[in-house]
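J.: My structure file input30.txt, compact mmCIF, C-alpha atoms and all ligand atoms, is below:
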# COMPACT_ATOMS: atom_id res chain seq x y z
CA MET A 1 -5.19 -111.19 47.86
CA THR A 2 -6.04 -109.77 44.46
CA PHE A 3 -8.53 -107.08 43.68
CA GLN A 4 -8.83 -107.54 39.97
CA ARG A 5 -12.48 -108.54 40.32
CA PRO A 6 -14.83 -105.58 39.74
CA LEU A 7 -15.12 -103.51 42.87
CA ARG A 8 -18.52 -103.75 44.52
CA LEU A 9 -20.35 -100.44 44.51
CA GLY A 10 -23.05 -99.35 46.91
CA MET A 11 -25.13 -96.27 46.28
CA VAL A 12 -27.10 -93.91 48.50
CA GLY A 13 -29.61 -91.70 46.67
CA GLY A 14 -29.96 -91.64 42.92
CA GLY A 15 -33.38 -93.31 42.92
CA ASP A 16 -36.29 -93.04 40.54
CA GLY A 17 -36.45 -89.55 38.99
CA ALA A 18 -33.15 -88.41 40.47
CA TYR A 19 -30.52 -86.85 38.24
CA ILE A 20 -26.93 -87.71 39.01
CA GLY A 21 -27.33 -91.23 40.39
CA ASN A 22 -27.99 -92.62 36.93
CA ILE A 23 -24.89 -90.91 35.57
CA HIS A 24 -22.90 -92.65 38.32
CA ARG A 25 -24.41 -96.01 37.38
CA LEU A 26 -23.65 -95.55 33.69
CA ALA A 27 -20.15 -94.22 34.31
CA SER A 28 -19.21 -96.91 36.81
CA ARG A 29 -20.20 -99.61 34.32
CA LEU A 30 -18.26 -98.36 31.33
CA ASP A 31 -14.88 -99.96 32.03
CA GLY A 32 -16.05 -103.01 33.97
CA GLN A 33 -14.24 -101.83 37.10
CA TRP A 34 -17.35 -101.62 39.26
CA GLN A 35 -20.45 -103.69 39.88
CA LEU A 36 -23.49 -102.06 41.47
CA THR A 37 -24.22 -104.45 44.35
CA ALA A 38 -26.22 -102.66 47.04
CA GLY A 39 -28.19 -99.49 47.46
CA ALA A 40 -30.44 -97.28 49.57
CA PHE A 41 -31.62 -95.24 46.64
CA ASP A 42 -34.40 -93.04 47.92
CA VAL A 43 -35.41 -90.90 50.88
CA ASP A 44 -38.59 -93.01 50.88
CA PRO A 45 -37.55 -96.56 51.94
CA GLU A 46 -40.29 -98.33 49.95
CA ARG A 47 -39.54 -96.43 46.78
CA GLY A 48 -35.84 -97.12 47.34
CA ARG A 49 -36.34 -100.87 47.68
CA ALA A 50 -38.62 -100.98 44.64
CA PHE A 51 -36.01 -99.10 42.62
CA ALA A 52 -33.28 -101.50 43.77
CA THR A 53 -35.36 -104.45 42.64
CA ALA A 54 -35.89 -102.81 39.27
CA GLN A 55 -32.10 -102.43 39.00
CA GLY A 56 -31.80 -106.19 39.47
CA LEU A 57 -30.12 -106.03 42.89
CA ASP A 58 -30.26 -108.90 45.35
CA PRO A 59 -33.31 -108.15 47.56
CA ALA A 60 -31.13 -108.79 50.62
CA ARG A 61 -28.95 -105.87 49.54
CA SER A 62 -31.79 -103.51 48.61
CA TYR A 63 -31.94 -101.30 51.64
CA GLY A 64 -34.56 -98.84 52.87
CA THR A 65 -32.11 -96.42 54.49
CA TRP A 66 -28.38 -95.69 54.43
CA GLN A 67 -28.20 -96.79 58.07
CA ASP A 68 -29.64 -100.17 57.03
CA LEU A 69 -27.11 -100.36 54.22
CA ILE A 70 -24.25 -99.88 56.66
CA ALA A 71 -25.71 -102.40 59.12
CA GLY A 72 -26.39 -104.94 56.37
CA GLU A 73 -23.08 -104.62 54.56
CA ARG A 74 -20.51 -104.15 57.28
CA GLU A 75 -20.44 -107.78 58.48
CA ARG A 76 -20.58 -109.39 55.04
CA GLU A 77 -17.46 -111.00 53.64
CA ASP A 78 -18.45 -109.72 50.23
CA ARG A 79 -19.28 -106.25 51.54
CA VAL A 80 -19.35 -103.36 49.11
CA ASP A 81 -15.92 -101.82 48.52
CA ALA A 82 -17.15 -98.24 48.22
CA VAL A 83 -20.41 -96.35 48.47
CA ALA A 84 -21.38 -93.46 46.19
CA ILE A 85 -23.35 -90.66 47.85
CA CYS A 86 -25.77 -89.12 45.33
CA THR A 87 -28.11 -87.27 47.67
CA PRO A 88 -28.81 -83.56 48.32
CA ASN A 89 -25.90 -81.65 49.87
CA PHE A 90 -27.03 -81.50 53.51
CA THR A 91 -27.08 -85.29 53.78
CA HIS A 92 -23.53 -85.84 52.50
CA TYR A 93 -21.85 -85.33 55.87
CA PRO A 94 -23.87 -87.67 58.08
CA ILE A 95 -23.91 -90.37 55.41
CA ALA A 96 -20.18 -90.09 54.65
CA ARG A 97 -19.29 -90.02 58.31
CA GLY A 98 -21.40 -93.13 58.99
CA LEU A 99 -19.79 -94.97 56.07
CA ILE A 100 -16.21 -94.02 56.97
CA GLU A 101 -16.71 -94.95 60.61
CA ALA A 102 -17.99 -98.34 59.45
CA GLY A 103 -14.84 -98.79 57.33
CA PHE A 104 -16.21 -98.13 53.84
CA GLU A 105 -14.53 -96.15 51.11
CA VAL A 106 -16.65 -93.26 49.84
CA ILE A 107 -17.34 -91.55 46.53
CA CYS A 108 -19.12 -88.31 47.37
CA GLU A 109 -20.93 -85.84 45.19
CA LYS A 110 -19.92 -82.20 45.26
CA PRO A 111 -20.18 -79.92 47.11
CA LEU A 112 -18.58 -82.16 49.73
CA THR A 113 -20.96 -80.87 52.41
CA ALA A 114 -23.51 -78.09 52.91
CA THR A 115 -21.47 -76.30 55.61
CA LEU A 116 -17.83 -75.46 56.13
CA GLU A 117 -17.89 -76.98 59.61
CA ASP A 118 -18.99 -80.32 58.17
CA ALA A 119 -16.42 -80.16 55.37
CA VAL A 120 -13.58 -79.54 57.82
CA ALA A 121 -14.76 -82.44 59.99
CA LEU A 122 -15.23 -84.81 57.06
CA GLU A 123 -11.83 -84.07 55.54
CA ALA A 124 -10.19 -84.65 58.92
CA LEU A 125 -12.07 -87.92 59.36
CA ALA A 126 -11.04 -89.10 55.90
CA ARG A 127 -7.39 -88.23 56.54
CA GLU A 128 -7.24 -89.76 60.01
CA SER A 129 -9.13 -92.94 59.10
CA GLY A 130 -7.13 -93.56 55.94
CA ARG A 131 -10.37 -94.29 54.07
CA PHE A 132 -10.59 -93.25 50.43
CA VAL A 133 -12.93 -90.32 49.80
CA GLY A 134 -13.21 -89.37 46.13
CA VAL A 135 -15.23 -86.33 45.06
CA THR A 136 -16.96 -86.24 41.68
CA TYR A 137 -15.70 -83.02 40.14
CA THR A 138 -16.86 -84.18 36.74
CA TYR A 139 -14.89 -81.85 34.50
CA SER A 140 -11.54 -83.10 35.78
CA GLY A 141 -12.37 -86.41 34.11
CA TYR A 142 -11.98 -85.11 30.55
CA PRO A 143 -8.79 -86.21 28.75
CA LEU A 144 -8.17 -82.77 27.26
CA VAL A 145 -8.52 -81.14 30.66
CA HIS A 146 -5.68 -83.42 31.75
CA GLU A 147 -3.79 -82.48 28.60
CA ALA A 148 -4.22 -78.80 29.45
CA ARG A 149 -2.97 -79.45 32.97
CA VAL A 150 0.13 -81.24 31.69
CA ARG A 151 0.88 -78.49 29.17
CA VAL A 152 0.60 -75.74 31.80
CA ALA A 153 2.86 -77.72 34.15
CA ARG A 154 5.41 -78.23 31.34
CA GLY A 155 5.54 -74.46 30.87
CA GLU A 156 4.04 -74.49 27.37
CA ILE A 157 2.14 -71.25 28.00
CA GLY A 158 4.83 -69.70 30.20
CA THR A 159 3.78 -68.11 33.48
CA VAL A 160 0.03 -68.05 33.96
CA ARG A 161 -1.22 -64.47 34.02
CA THR A 162 -4.98 -64.75 34.04
CA VAL A 163 -7.64 -67.46 34.24
CA GLN A 164 -11.19 -67.01 32.99
CA VAL A 165 -13.54 -69.77 34.06
CA GLU A 166 -17.30 -69.93 33.78
CA TYR A 167 -20.21 -72.28 34.30
CA PRO A 168 -23.41 -70.76 32.92
CA LEU A 169 -26.70 -72.67 32.98
CA GLU A 170 -30.19 -71.58 32.00
CA TRP A 171 -32.47 -74.11 33.69
CA MET A 172 -33.41 -71.92 36.67
CA ALA A 173 -34.24 -68.73 34.75
CA LYS A 174 -37.85 -69.23 35.92
CA PRO A 175 -38.95 -70.00 39.51
CA ILE A 176 -39.09 -73.74 38.77
CA GLU A 177 -38.49 -74.54 42.42
CA LYS A 178 -42.08 -73.38 43.02
CA GLN A 179 -43.39 -75.31 40.02
CA GLY A 180 -42.66 -78.86 41.17
CA ASN A 181 -39.04 -79.28 40.06
CA ALA A 182 -37.52 -81.55 42.72
CA GLN A 183 -33.90 -80.75 41.89
CA ALA A 184 -34.46 -76.99 42.01
CA ALA A 185 -36.52 -77.23 45.23
CA TRP A 186 -33.71 -78.46 47.48
CA ARG A 187 -31.08 -76.40 45.62
CA THR A 188 -32.88 -73.17 46.61
CA ASP A 189 -33.38 -74.17 50.24
CA PRO A 190 -30.36 -72.92 52.25
CA LYS A 191 -30.83 -75.63 54.86
CA LYS A 192 -30.57 -78.40 52.30
CA ASN A 193 -28.22 -76.79 49.81
CA GLY A 194 -25.88 -74.65 51.89
CA ARG A 195 -25.21 -70.91 51.68
CA GLY A 196 -24.15 -70.70 48.03
CA GLY A 197 -26.77 -71.10 45.27
CA SER A 198 -25.21 -71.09 41.82
CA ILE A 199 -21.78 -70.65 43.40
CA GLY A 200 -22.16 -73.81 45.48
CA ASP A 201 -23.85 -75.92 42.84
CA ILE A 202 -21.70 -75.10 39.80
CA GLY A 203 -19.22 -72.43 40.90
CA THR A 204 -17.47 -75.20 42.83
CA HIS A 205 -16.96 -77.12 39.57
CA ALA A 206 -15.50 -74.03 37.90
CA TYR A 207 -13.23 -73.26 40.85
CA HIS A 208 -11.93 -76.82 40.92
CA LEU A 209 -11.37 -76.87 37.16
CA ALA A 210 -9.32 -73.64 37.21
CA GLY A 211 -7.12 -74.82 40.08
CA PHE A 212 -6.79 -78.31 38.62
CA VAL A 213 -5.50 -77.13 35.25
CA THR A 214 -3.29 -74.26 36.40
CA GLY A 215 -2.01 -75.70 39.68
CA LEU A 216 -2.44 -72.19 41.10
CA LYS A 217 -3.22 -71.70 44.75
CA LEU A 218 -5.81 -69.09 45.64
CA GLN A 219 -4.64 -66.18 47.74
CA SER A 220 -7.90 -64.26 48.11
CA LEU A 221 -11.19 -63.46 46.41
CA THR A 222 -13.91 -60.86 46.30
CA ALA A 223 -17.42 -61.60 45.11
CA ASP A 224 -20.69 -60.14 43.90
CA LEU A 225 -23.74 -62.40 44.17
CA ALA A 226 -27.16 -61.72 42.69
CA THR A 227 -30.56 -63.32 42.88
CA PHE A 228 -32.48 -62.47 39.74
CA VAL A 229 -35.52 -64.70 40.14
CA GLU A 230 -37.91 -63.05 42.55
CA GLY A 231 -38.45 -64.82 45.84
CA ARG A 232 -35.46 -67.16 45.43
CA ALA A 233 -33.55 -67.59 48.69
CA LEU A 234 -30.05 -68.07 47.23
CA ASP A 235 -27.89 -66.53 44.52
CA ASP A 236 -28.54 -67.57 40.94
CA ASN A 237 -25.63 -65.59 39.50
CA ALA A 238 -22.12 -65.03 40.85
CA HIS A 239 -19.11 -63.02 39.73
CA VAL A 240 -15.91 -63.68 41.63
CA MET A 241 -12.52 -62.02 41.21
CA LEU A 242 -9.59 -64.22 42.17
CA ARG A 243 -6.02 -63.39 43.16
CA TYR A 244 -3.66 -66.33 43.06
CA GLU A 245 -0.35 -66.74 44.85
CA GLY A 246 2.42 -65.52 42.58
CA GLY A 247 0.34 -62.72 41.10
CA ALA A 248 -1.97 -64.44 38.60
CA ARG A 249 -5.53 -63.14 38.42
CA GLY A 250 -8.79 -64.95 37.76
CA LEU A 251 -12.42 -64.28 37.02
CA LEU A 252 -15.12 -66.85 37.75
CA TRP A 253 -18.74 -66.66 36.65
CA SER A 254 -21.47 -69.10 37.62
CA SER A 255 -25.07 -68.60 36.61
CA GLN A 256 -28.30 -70.59 36.63
CA VAL A 257 -30.16 -67.94 34.66
CA ALA A 258 -27.94 -67.51 31.58
CA LEU A 259 -30.42 -68.17 28.79
CA GLY A 260 -28.86 -69.93 25.84
CA ASN A 261 -26.39 -71.91 27.95
CA SER A 262 -27.10 -75.58 28.53
CA ASN A 263 -23.86 -76.64 30.22
CA GLY A 264 -21.41 -74.02 29.08
CA VAL A 265 -18.38 -74.85 31.22
CA ARG A 266 -15.51 -72.91 29.70
CA LEU A 267 -11.90 -72.46 30.80
CA ARG A 268 -9.38 -70.05 29.30
CA VAL A 269 -5.87 -69.79 30.68
CA PHE A 270 -3.60 -67.02 29.42
CA GLY A 271 0.14 -67.24 30.08
CA SER A 272 3.18 -65.19 29.18
CA THR A 273 3.95 -67.29 26.05
CA GLY A 274 0.62 -68.81 25.08
CA SER A 275 -2.95 -69.65 26.00
CA LEU A 276 -5.20 -72.70 26.30
CA GLN A 277 -8.97 -72.75 25.92
CA TRP A 278 -11.41 -75.59 26.53
CA PHE A 279 -15.20 -75.65 26.25
CA GLN A 280 -17.11 -78.63 27.59
CA GLU A 281 -19.70 -78.56 24.81
CA GLN A 282 -16.77 -79.17 22.37
CA PRO A 283 -14.80 -81.41 24.71
CA ASN A 284 -12.78 -83.17 22.02
CA GLU A 285 -10.83 -80.02 21.18
CA LEU A 286 -8.35 -77.95 23.13
CA VAL A 287 -7.30 -74.65 21.58
CA TYR A 288 -3.66 -73.70 21.99
CA THR A 289 -2.32 -70.32 20.89
CA PRO A 290 1.44 -69.68 21.19
CA LEU A 291 3.06 -66.26 21.22
CA ASP A 292 3.13 -66.04 17.41
CA GLY A 293 -0.68 -66.13 17.40
CA ARG A 294 -1.00 -69.24 15.20
CA VAL A 295 -4.02 -70.98 16.68
CA GLN A 296 -3.73 -74.78 16.99
CA ILE A 297 -6.54 -77.22 17.64
CA ILE A 298 -5.36 -80.13 19.77
CA LYS A 299 -7.65 -83.12 19.21
CA ARG A 300 -8.48 -85.77 21.77
CA GLY A 301 -6.94 -89.06 20.73
CA ALA A 302 -4.00 -87.56 18.79
CA ASP A 303 -0.77 -89.57 18.97
CA ASP A 304 1.39 -86.95 20.61
CA LEU A 305 -0.78 -86.24 23.65
CA SER A 306 0.36 -86.80 27.22
CA GLU A 307 0.01 -90.15 28.97
CA ASP A 308 -2.50 -88.54 31.35
CA ALA A 309 -4.77 -87.76 28.38
CA LYS A 310 -4.17 -91.09 26.62
CA VAL A 311 -5.13 -93.29 29.57
CA ARG A 312 -8.47 -91.44 29.69
CA THR A 313 -9.22 -91.93 26.00
CA ARG A 314 -11.16 -94.88 24.57
CA THR A 315 -11.84 -94.12 20.92
CA PRO A 316 -9.78 -92.66 18.05
CA PRO A 317 -10.06 -88.97 17.18
CA GLY A 318 -13.23 -88.09 15.31
CA HIS A 319 -15.38 -90.55 17.25
CA PRO A 320 -16.71 -88.15 19.88
CA GLU A 321 -16.30 -88.84 23.57
CA GLY A 322 -18.00 -86.72 26.16
CA TYR A 323 -19.63 -86.36 29.53
CA LEU A 324 -20.26 -90.02 30.34
CA GLU A 325 -16.71 -91.00 29.39
CA ALA A 326 -15.34 -88.17 31.54
CA PHE A 327 -17.43 -89.36 34.47
CA ALA A 328 -16.28 -92.93 33.78
CA ASN A 329 -12.68 -91.71 33.95
CA LEU A 330 -13.34 -90.56 37.51
CA TYR A 331 -14.75 -93.98 38.37
CA ALA A 332 -11.83 -95.78 36.72
CA GLY A 333 -9.47 -93.47 38.60
CA PHE A 334 -11.20 -94.12 41.92
CA ALA A 335 -10.98 -97.88 41.31
CA GLU A 336 -7.27 -97.64 40.54
CA ALA A 337 -6.60 -95.45 43.59
CA ILE A 338 -8.48 -97.86 45.90
CA ARG A 339 -6.76 -100.93 44.46
CA ALA A 340 -3.32 -99.33 44.67
CA HIS A 341 -3.90 -98.39 48.29
CA ARG A 342 -5.00 -101.93 49.18
CA GLN A 343 -2.08 -103.46 47.33
CA GLY A 344 0.41 -101.08 48.92
CA ARG A 345 1.66 -99.65 45.63
CA GLU A 346 1.67 -96.29 43.90
CA PRO A 347 -1.40 -95.75 41.69
CA GLY A 348 -0.98 -95.83 37.93
CA PRO A 349 -1.71 -92.67 35.91
CA LEU A 350 -5.48 -93.18 36.01
CA GLY A 351 -5.49 -93.19 39.80
CA ARG A 352 -3.36 -90.08 40.12
CA ASN A 353 -4.77 -86.57 40.30
CA VAL A 354 -8.27 -87.77 41.18
CA PRO A 355 -10.32 -85.33 43.27
CA LEU A 356 -10.19 -86.22 46.97
CA ALA A 357 -11.66 -85.00 50.26
CA TYR A 358 -9.28 -82.06 50.49
CA ASP A 359 -10.42 -80.87 47.05
CA GLY A 360 -13.97 -81.13 48.36
CA LEU A 361 -13.08 -79.09 51.44
CA LYS A 362 -11.43 -76.45 49.25
CA GLY A 363 -14.67 -76.13 47.28
CA VAL A 364 -16.79 -75.61 50.38
CA ALA A 365 -14.26 -73.13 51.83
CA PHE A 366 -14.39 -71.26 48.52
CA VAL A 367 -18.21 -71.00 48.69
CA GLU A 368 -18.05 -69.79 52.28
CA ALA A 369 -15.53 -67.06 51.38
CA VAL A 370 -17.59 -66.01 48.34
CA VAL A 371 -20.77 -65.63 50.37
CA ASP A 372 -18.95 -63.85 53.21
CA SER A 373 -17.43 -61.40 50.74
CA ALA A 374 -20.72 -60.77 48.94
CA GLU A 375 -22.69 -60.29 52.17
CA ALA A 376 -20.23 -57.75 53.59
CA GLU A 377 -21.03 -54.18 52.65
CA ASP A 378 -17.66 -53.37 51.10
CA GLN A 379 -17.15 -56.77 49.40
CA PRO A 380 -13.76 -57.39 51.02
CA TRP A 381 -10.98 -59.64 49.72
CA ILE A 382 -11.13 -62.87 51.70
CA THR A 383 -8.81 -65.86 51.95
CA PRO A 384 -10.72 -69.16 52.18
CA VAL A 385 -9.77 -71.35 55.16
CA ALA A 386 -8.51 -74.08 52.82
CA VAL A 387 -6.81 -73.31 49.50
P1 LIG A 401 -31.94 -85.26 43.01
O1 LIG A 401 -32.88 -84.46 43.83
O2 LIG A 401 -32.23 -85.49 41.57
O3 LIG A 401 -31.76 -86.71 43.66
C1 LIG A 401 -31.53 -86.93 45.03
C2 LIG A 401 -31.81 -88.38 45.35
O4 LIG A 401 -31.39 -88.64 46.69
C3 LIG A 401 -33.30 -88.77 45.29
O5 LIG A 401 -33.40 -90.07 44.73
C4 LIG A 401 -33.72 -88.81 46.76
O6 LIG A 401 -34.79 -89.67 47.03
C5 LIG A 401 -32.43 -89.34 47.37
N1 LIG A 401 -32.28 -89.09 48.80
C6 LIG A 401 -32.46 -87.93 49.47
N2 LIG A 401 -32.20 -88.12 50.77
C7 LIG A 401 -31.86 -89.42 50.93
C8 LIG A 401 -31.49 -90.21 52.02
N3 LIG A 401 -31.42 -89.72 53.26
N4 LIG A 401 -31.23 -91.54 51.82
C9 LIG A 401 -31.29 -92.07 50.58
N5 LIG A 401 -31.63 -91.35 49.49
C10 LIG A 401 -31.91 -90.04 49.66
O7 LIG A 401 -30.50 -84.59 43.17
P2 LIG A 401 -29.34 -84.53 42.09
O8 LIG A 401 -29.55 -83.41 41.18
O9 LIG A 401 -29.10 -85.88 41.53
O10 LIG A 401 -28.13 -84.10 43.05
C11 LIG A 401 -27.61 -84.99 44.03
C12 LIG A 401 -26.19 -84.56 44.40
O11 LIG A 401 -25.37 -84.63 43.25
C13 LIG A 401 -26.07 -83.12 44.89
O12 LIG A 401 -25.10 -83.05 45.91
C14 LIG A 401 -25.61 -82.34 43.67
O13 LIG A 401 -24.86 -81.19 43.99
C15 LIG A 401 -24.74 -83.38 42.99
N6 LIG A 401 -24.63 -83.22 41.52
C16 LIG A 401 -23.41 -83.32 40.96
C17 LIG A 401 -23.25 -83.23 39.60
C18 LIG A 401 -21.89 -83.39 38.99
O14 LIG A 401 -21.64 -82.95 37.88
N7 LIG A 401 -20.96 -84.04 39.65
C19 LIG A 401 -24.38 -82.99 38.78
C20 LIG A 401 -25.63 -82.90 39.39
C21 LIG A 401 -25.75 -83.04 40.77
Can the structure in the file be given as structure tokens, please?
Ligand code: NAD
T.:
Amino acid sequence: MTFQRPLRLGMVGGGDGAYIGNIHRLASRLDGQWQLTAGAFDVDPERGRAFATAQGLDPARSYGTWQDLIAGEREREDRVDAVAICTPNFTHYPIARGLIEAGFEVICEKPLTATLEDAVALEALARESGRFVGVTYTYSGYPLVHEARVRVARGEIGTVRTVQVEYPLEWMAKPIEKQGNAQAAWRTDPKKNGRGGSIGDIGTHAYHLAGFVTGLKLQSLTADLATFVEGRALDDNAHVMLRYEGGARGLLWSSQVALGNSNGVRLRVFGSTGSLQWFQEQPNELVYTPLDGRVQIIKRGADDLSEDAKVRTRTPPGHPEGYLEAFANLYAGFAEAIRAHRQGREPGPLGRNVPLAYDGLKGVAFVEAVVDSAEAEDQPWITPVAV
């Protein structure tokens, strides 16, 4: 049996007016590895079916609910290969569990779940069932993030001493959750979002990025959370100090109220013989400074980059690539990982180092530890249950 046809993609959530679902659709299309085939796109079944029709899906595969999608797809010979979950956090667990139990592979948005209990259960289910569960930690799709990872692993900056990682946003500097913004409304509702506001929504990206590039394992953390917008139920700004195994230190900042920052994901890793810096708003450049202080700009697409960076690069240097291409790299990686598993072979470089269920669990455990530390009076150092 060959799997070189495009994989059939189902989608839950991501309907009319939603944010990330459209990014998934665009990204999954870019390399021709996936074909959107079925969907239950909206919490409102009628709206969901109408949206599916507008996407050109077969009406028989335009479902009102995710339960209908599972029931409709599971007995088909041409069933969807994987289903992307693009819904608010609290729905990830029941949907993912239903899909895995019905034998589907899953691509789940971050944070993996809204609670630690659900994340532990979902990771165990993924492991025991053998089903693929990829998690869309977007920033690990960038070629120069992979390049940074390879260079740290090769020892090009020596022993990592300190990691500074931040994800500042500005879009929630006003109480937009009370002014009709659908995305902000569920993100500020602890029952739908989970316990961590900015730290759950974007701190999880920053935490994953730092661990992905450095390979460092967290030992413990202590955190200070703040809610600056009056009446908001969750943090909109977080400062977290990190201690890694082996002695490295880290500082993580996530903020939804940092005026002047659109999507300012920034990673700086300082080692004993050099440093690496990457900023997602200039994603085609990685700044490398060796011990002699001569700053070098490493450009995406250059000939001497690692294979891991090259396989995630589509255009020559100078033609900018960005967010959609990074997201597409995750989708291409998920396709390769699923195909390799089905064909009983090792995945090629695109399918290696893709974020999986355990990475999702680590993110949720991180949020839990951050909130526990911040809520305790003396802000203790805490070790997350999964690192
Ligand atoms: P959103 O509010 O814009 O969209 C949610 C969509 O899910 C809507 O279409 C809604 O109708 C649908 N939905 C809700 N419950 C449903 C259900 N039971 N069945 C079917 N559809 C349902 O949310 P968003 O901003 O797109 O965020 C969605 C998820 O993506 C969140 O988990 C968020 O953390 C994550 N996200 C990730 C990134 C990233 O960079 N990877 C970026 C943004 C959002």
J.: Would you mind listing the residues within 6 Å of ligand LIG 401 (chain A), counting all atoms listed in the file, as a PyMOL selection string?
T.: chain A and resi 12-16+18-21+40-43+65-66+86-89+109-111+136-138+182-183+201
J.: Export, as an mmCIF file, in the coordinates of the input, the selected residues with C-alpha atoms.
T.:
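And here's again-v3.cif as it stands now:
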data_model
loop_
_atom_site.group_PDB
_atom_site.id
_atom_site.type_symbol
_atom_site.label_atom_id
_atom_site.label_comp_id
_atom_site.auth_asym_id
_atom_site.auth_seq_id
_atom_site.Cartn_x
_atom_site.Cartn_y
_atom_site.Cartn_z
ATOM 1 C CA VAL A 12 -27.100 -93.910 48.500
ATOM 2 C CA GLY A 13 -29.610 -91.700 46.670
ATOM 3 C CA GLY A 14 -29.960 -91.640 42.920
ATOM 4 C CA GLY A 15 -33.380 -93.310 42.920
ATOM 5 C CA ASP A 16 -36.290 -93.040 40.540
ATOM 6 C CA ALA A 18 -33.150 -88.410 40.470
ATOM 7 C CA TYR A 19 -30.520 -86.850 38.240
ATOM 8 C CA ILE A 20 -26.930 -87.710 39.010
ATOM 9 C CA GLY A 21 -27.330 -91.230 40.390
ATOM 10 C CA ALA A 40 -30.440 -97.280 49.570
ATOM 11 C CA PHE A 41 -31.620 -95.240 46.640
ATOM 12 C CA ASP A 42 -34.400 -93.040 47.920
ATOM 13 C CA VAL A 43 -35.410 -90.900 50.880
ATOM 14 C CA THR A 65 -32.110 -96.420 54.490
ATOM 15 C CA TRP A 66 -28.380 -95.690 54.430
ATOM 16 C CA CYS A 86 -25.770 -89.120 45.330
ATOM 17 C CA THR A 87 -28.110 -87.270 47.670
ATOM 18 C CA PRO A 88 -28.810 -83.560 48.320
ATOM 19 C CA ASN A 89 -25.900 -81.650 49.870
ATOM 20 C CA GLU A 109 -20.930 -85.840 45.190
ATOM 21 C CA LYS A 110 -19.920 -82.200 45.260
ATOM 22 C CA PRO A 111 -20.180 -79.920 47.110
ATOM 23 C CA THR A 136 -16.960 -86.240 41.680
ATOM 24 C CA TYR A 137 -15.700 -83.020 40.140
ATOM 25 C CA THR A 138 -16.860 -84.180 36.740
ATOM 26 C CA ALA A 182 -37.520 -81.550 42.720
ATOM 27 C CA GLN A 183 -33.900 -80.750 41.890
ATOM 28 C CA ASP A 201 -23.850 -75.920 42.840
#
J.: Distance atom CA of A:Ser373-atom CA of A:Ala223, one decimal place?
T.: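 These atoms are spaced 5.6 Å apart.
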J.: Could you check the closest approach to A:Glu147 for each of A:Arg300, A:Arg249, A:Lys362, A:Arg314 and tell me which residue wins, using all atoms listed in the file?
T.: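 That would be A:Arg300, the residue with the smallest distance to A:Glu147.
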J.: Between A:Pro175, A:Gly203, A:Gly141, A:Gly194, which residue has the minimum interatomic distance to A:Gly231, considering only C-alpha atoms?
T.: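 Answer, going by the shortest atom-to-atom distance: A:Pro175.
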J.: I'd like the neighbourhood of A:Thr313 as number ranges by chain, where a residue qualifies if any of its atoms comes within 7 Å (using only C-alpha atoms), though same-chain residues fewer than 4 positions away should be ignored.
T.: A: 143, 301, 309
J.: Between atom CA of A:Arg243 and atom CA of A:Val160, what is the distance, to one decimal in Å?
T.: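 Computed distance, atom CA of A:Arg243 to atom CA of A:Val160, equals 12.0 Å.
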J.: A:Glu346: which residues within 12 Å, counting all atoms listed in the file, same-chain residues fewer than 6 positions away excluded, as a list in words?
T.: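 Result of the neighbour search: Glu336, Ala337, Ile338, Arg339, Ala340 and Arg352 of chain A.
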J.: Using Å and a single decimal, report how far atom CA of A:Leu286 sits from atom CA of A:Gln219.
T.: 27.5 Å
J.: Between A:Arg266, A:Lys299, A:Arg345, A:Lys191, which residue has the minimum interatomic distance to A:Leu169, considering all atoms listed in the file?
T.: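 Nearest candidate to A:Leu169 out of A:Arg266, A:Lys299, A:Arg345, A:Lys191: A:Arg266.
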J.: Rank nothing, just name the residue among A:Ile202, A:Ala71, A:Ala126, A:Leu267 nearest to A:Glu281, using all atoms listed in the file.
T.: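 Ranking A:Ile202, A:Ala71, A:Ala126, A:Leu267 by distance to A:Glu281, first place goes to A:Leu267.
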J.: Would you list the residues near (7.4, -74.0, 28.8), meaning any protein, DNA or RNA residue with an atom at most 12 Å from that point in file coordinates, counting all atoms listed in the file, as a list in words?
T.: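 In the file's frame, the residues around the point are Val150, Arg151, Val152, Ala153, Arg154, Gly155, Glu156, Ile157, Gly158, Thr159, Val160, Gly271, Ser272, Thr273, Gly274, Ser275, Pro290 and Leu291 of chain A.
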J.: Show which residues sit within 12 Å of A:Ala369, as number ranges by chain. Count all atoms listed in the file, and ignore same-chain residues fewer than 3 positions away.
T.: A: 115-116, 195-196, 199-200, 204, 218-225, 240-242, 362-366, 372-376, 379-387
J.: Neighbourhood query: residues within 9 Å of (0.7, -72.5, 43.7), file coordinates, counting only C-alpha atoms; return as a ChimeraX atom specification.
T.: /A:211,214-218,244-246
J.: Which residues come within 9 Å of stretch 127-131 of chain A, counting only C-alpha atoms, excluding same-chain residues fewer than 2 positions away, as a CSV table (one decimal) with C-alpha atoms, in the frame of the given file?
T.:
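Done, and the output landed in out_2.csv:
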chain,number,residue,atom,x,y,z
A,100,ILE,CA,-16.2,-94.0,57.0
A,101,GLU,CA,-16.7,-95.0,60.6
A,103,GLY,CA,-14.8,-98.8,57.3
A,104,PHE,CA,-16.2,-98.1,53.8
A,105,GLU,CA,-14.5,-96.2,51.1
A,106,VAL,CA,-16.6,-93.3,49.8
A,122,LEU,CA,-15.2,-84.8,57.1
A,123,GLU,CA,-11.8,-84.1,55.5
A,124,ALA,CA,-10.2,-84.6,58.9
A,125,LEU,CA,-12.1,-87.9,59.4
A,133,VAL,CA,-12.9,-90.3,49.8
A,357,ALA,CA,-11.7,-85.0,50.3
A,358,TYR,CA,-9.3,-82.1,50.5
